[in-house]
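Engineer: Quick one, target-v4.cif (mmCIF, C-alpha atoms):
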```cif
data_coords
loop_
_atom_site.group_PDB
_atom_site.id
_atom_site.type_symbol
_atom_site.label_atom_id
_atom_site.label_comp_id
_atom_site.auth_asym_id
_atom_site.auth_seq_id
_atom_site.Cartn_x
_atom_site.Cartn_y
_atom_site.Cartn_z
ATOM 1 C CA MET G 1 3.053 24.871 3.289
ATOM 2 C CA ALA G 2 3.898 21.244 4.033
ATOM 3 C CA VAL G 3 0.192 20.381 4.164
ATOM 4 C CA LEU G 4 -0.204 21.703 0.621
ATOM 5 C CA PHE G 5 2.537 19.416 -0.704
ATOM 6 C CA VAL G 6 1.092 16.414 1.108
ATOM 7 C CA ARG G 7 -2.357 17.171 -0.325
ATOM 8 C CA LEU G 8 -0.834 17.398 -3.802
ATOM 9 C CA GLY G 9 0.680 13.964 -3.171
ATOM 10 C CA ILE G 10 -2.756 12.658 -2.227
ATOM 11 C CA LEU G 11 -4.193 14.107 -5.429
ATOM 12 C CA LEU G 12 -1.433 12.499 -7.481
ATOM 13 C CA LEU G 13 -1.955 9.105 -5.835
ATOM 14 C CA ALA G 14 -5.718 9.375 -6.381
ATOM 15 C CA GLY G 15 -5.073 9.984 -10.081
ATOM 16 C CA VAL G 16 -2.786 6.952 -10.200
ATOM 17 C CA ALA G 17 -5.462 4.820 -8.523
ATOM 18 C CA ILE G 18 -8.066 5.949 -11.067
ATOM 19 C CA VAL G 19 -5.760 5.152 -13.988
ATOM 20 C CA ILE G 20 -4.967 1.717 -12.539
ATOM 21 C CA ALA G 21 -8.672 1.007 -12.040
ATOM 22 C CA ALA G 22 -9.516 2.069 -15.611
ATOM 23 C CA LEU G 23 -6.619 0.280 -17.312
ATOM 24 C CA PRO G 24 -8.331 -3.129 -17.787
ATOM 25 C CA ILE G 25 -11.291 -1.437 -19.485
ATOM 26 C CA LEU G 26 -8.957 0.527 -21.749
ATOM 27 C CA VAL G 27 -7.139 -2.693 -22.711
ATOM 28 C CA LEU G 28 -10.424 -4.426 -23.539
ATOM 29 C CA ILE G 29 -11.660 -1.475 -25.598
ATOM 30 C CA ASP G 30 -8.378 -1.430 -27.516
ATOM 31 C CA LEU G 31 -8.596 -5.185 -28.175
ATOM 32 C CA LEU G 32 -12.205 -4.917 -29.366
ATOM 33 C CA ASP G 33 -11.242 -2.180 -31.819
ATOM 34 C CA GLY G 34 -8.604 -4.487 -33.338
ATOM 35 C CA GLY G 35 -5.670 -3.002 -31.469
ATOM 36 C CA THR G 36 -2.906 -4.677 -29.531
ATOM 37 C CA GLY G 37 -4.469 -4.281 -26.092
ATOM 38 C CA LEU G 38 -1.879 -1.645 -25.173
ATOM 39 C CA GLY G 39 0.873 -4.142 -25.972
ATOM 40 C CA LEU G 40 -0.698 -7.173 -24.287
ATOM 41 C CA CYS G 41 -1.238 -8.930 -27.644
ATOM 42 C CA PRO G 42 1.223 -7.361 -30.115
ATOM 43 C CA THR G 43 -0.178 -9.238 -33.122
ATOM 44 C CA GLY G 44 -3.837 -8.575 -32.324
ATOM 45 C CA LEU G 45 -6.492 -10.660 -30.622
ATOM 46 C CA GLU G 46 -6.815 -13.300 -33.363
ATOM 47 C CA ALA G 47 -3.145 -14.290 -33.232
ATOM 48 C CA CYS G 48 -2.502 -13.639 -29.547
ATOM 49 C CA ASP G 49 -0.273 -16.423 -28.284
ATOM 50 C CA ASN G 50 0.195 -15.190 -24.716
ATOM 51 C CA PRO G 51 -0.238 -17.890 -22.088
ATOM 52 C CA TYR G 52 -3.140 -17.796 -19.656
ATOM 53 C CA THR G 53 -0.805 -16.661 -16.887
ATOM 54 C CA THR G 54 -0.364 -13.282 -18.586
ATOM 55 C CA VAL G 55 -3.849 -12.253 -17.505
ATOM 56 C CA VAL G 56 -3.184 -13.410 -13.952
ATOM 57 C CA GLU G 57 0.119 -11.527 -13.827
ATOM 58 C CA PHE G 58 -1.597 -8.434 -15.218
ATOM 59 C CA ALA G 59 -4.352 -8.667 -12.605
ATOM 60 C CA VAL G 60 -1.905 -9.215 -9.740
ATOM 61 C CA VAL G 61 0.278 -6.263 -10.755
ATOM 62 C CA LEU G 62 -2.740 -3.983 -11.133
ATOM 63 C CA THR G 63 -4.206 -5.114 -7.806
ATOM 64 C CA LEU G 64 -0.918 -4.594 -5.965
ATOM 65 C CA GLY G 65 -0.456 -1.191 -7.592
ATOM 66 C CA PHE G 66 -3.987 -0.151 -6.679
ATOM 67 C CA LEU G 67 -3.597 -1.326 -3.078
ATOM 68 C CA ALA G 68 -0.242 0.456 -2.785
ATOM 69 C CA SER G 69 -1.746 3.721 -4.033
ATOM 70 C CA VAL G 70 -4.710 3.417 -1.631
ATOM 71 C CA LEU G 71 -2.296 2.707 1.238
ATOM 72 C CA GLY G 72 -0.253 5.756 0.238
ATOM 73 C CA ILE G 73 -3.396 7.903 0.204
ATOM 74 C CA ARG G 74 -4.352 6.703 3.679
ATOM 75 C CA LEU G 75 -0.877 7.347 5.085
ATOM 76 C CA LEU G 76 -0.682 10.815 3.554
ATOM 77 C CA ALA G 77 -4.175 11.659 4.835
ATOM 78 C CA LYS G 78 -3.085 10.624 8.323
ATOM 79 C CA LEU G 79 -0.001 12.828 7.944
ATOM 80 C CA VAL G 80 -2.189 15.793 6.920
ATOM 81 C CA ARG G 81 -4.374 15.319 9.995
ATOM 82 C CA LYS G 82 -1.293 15.188 12.217
ATOM 83 C CA LEU G 83 0.236 18.288 10.620
ATOM 84 C CA GLN G 84 -3.022 20.212 10.945
ATOM 85 C CA SER G 85 -3.479 19.257 14.590
ATOM 86 C CA ASP G 86 0.079 20.366 15.342
ATOM 87 C CA GLU G 87 -0.554 23.723 13.651
ATOM 88 C CA TYR G 88 -3.593 24.495 15.803
ATOM 89 C CA GLN G 89 -2.109 23.548 19.176
ATOM 90 C CA VAL G 90 -1.813 26.413 21.600
ATOM 91 C CA SER G 91 1.656 26.748 23.069
ATOM 92 C CA GLN G 92 1.991 27.941 26.650
#
```
Since I need it in another form, could you write the structure as C-alpha cells?
Structural biologist:
Amino acid sequence: MAVLFVRLGILLLAGVAIVIAALPILVLIDLLDGGTGLGLCPTGLEACDNPYTTVVEFAVVLTLGFLASVLGIRLLAKLVRKLQSDEYQVSQ
C-alpha cells in the first residue's frame, strides 16, 4: 500500500515538472495573443515596464522548481525500489 502512495507522489511530481517546463511557452503564447503573459506584464507587451531582471528571476525560479521536482522524483523512485526489495525478501 505504501508503494502505491509513493508512486502517486511520483506521478504528481512528474505533472508538476511538465507544467514548469511548459510555463515559459504558455507565457509567450499569452503575450503574443495580446494578453498579460500570465501576469508578467499586467498592461500588455507594448507597455511592459518590467526590468530585465524579471526574466532572469523567472528563469531561476522555474529552473530551481524543475530541478527540485526532478530530485523529488529520483528520491521517491529510490524509495519505491527499497520498499519493493524489502517486500520480496525471504525471512528465515
Engineer: Run the PyMOL selection byres ((chain G and resi 70-77) around 10) mentally over the shown coordinates, then write out the matched residues as a list in words, using the chain letters and numbers from the document.
Structural biologist: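 Selected by the PyMOL selection byres ((chain G and resi 70-77) around 10) here: Val3, Val6, Arg7, Leu8, Gly9, Ile10, Leu11, Leu12, Leu13, Ala14, Val16, Ala17, Leu64, Gly65, Phe66, Leu67, Ala68, Ser69, Lys78, Leu79, Val80, Arg81, Lys82 and Leu83 of chain G.
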Engineer: Which protein, DNA or RNA residues have an atom at most 12 Å from (-7.0, -0.3, -16.0), counting all atoms listed in the file? List them as JSON, numbers by chain.
Structural biologist: {"G": [16, 17, 18, 19, 20, 21, 22, 23, 24, 25, 26, 27, 28, 29, 30, 37, 38, 58, 59, 61, 62, 63, 65, 66]}
Engineer: Please indicate the distance in Å from atom CA of G:Asp86 to atom CA of G:Ala2, rounded to one decimal place.
Structural biologist: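 Going from atom CA of G:Asp86 over to atom CA of G:Ala2 covers 12.0 Å.
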Engineer: For atom CA of G:Glu87 and atom CA of G:Leu4, quote the distance in Å rounded to one decimal.
Structural biologist: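 Atom CA of G:Leu4 lies at a distance of 13.2 Å from atom CA of G:Glu87.
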Engineer: Would you place a box with edges along x, y and z of the file around all atoms of stretch 39-42 of chain G listed there, add 4 Å to each of its six sides, and report the centre and edge lengths in Å to one decimal, as lines of an AutoDock Vina configuration file?
Structural biologist:
```
center_x = 0.0
center_y = -6.5
center_z = -27.2
size_x = 10.5
size_y = 12.8
size_z = 13.8
```
Engineer: Just how far from atom CA of G:Asp33 is atom CA of G:Glu57, in Å to one decimal?
Structural biologist: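 According to the coordinates, atom CA of G:Glu57 and atom CA of G:Asp33 are separated by 23.2 Å.
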Engineer: Evaluate the PyMOL selection byres ((chain G and resi 45) around 9) and record the selected residues as a tab-separated table (two decimals) with C-alpha atoms, in the coordinates of the input, following the chain and residue labels used in the document.
Structural biologist:
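Dumped everything to expr.tsv:
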```tsv
chain	number	residue	atom	x	y	z
G	31	LEU	CA	-8.60	-5.18	-28.18
G	32	LEU	CA	-12.20	-4.92	-29.37
G	34	GLY	CA	-8.60	-4.49	-33.34
G	35	GLY	CA	-5.67	-3.00	-31.47
G	36	THR	CA	-2.91	-4.68	-29.53
G	37	GLY	CA	-4.47	-4.28	-26.09
G	41	CYS	CA	-1.24	-8.93	-27.64
G	42	PRO	CA	1.22	-7.36	-30.12
G	43	THR	CA	-0.18	-9.24	-33.12
G	44	GLY	CA	-3.84	-8.57	-32.32
G	46	GLU	CA	-6.82	-13.30	-33.36
G	47	ALA	CA	-3.14	-14.29	-33.23
G	48	CYS	CA	-2.50	-13.64	-29.55
G	49	ASP	CA	-0.27	-16.42	-28.28
```
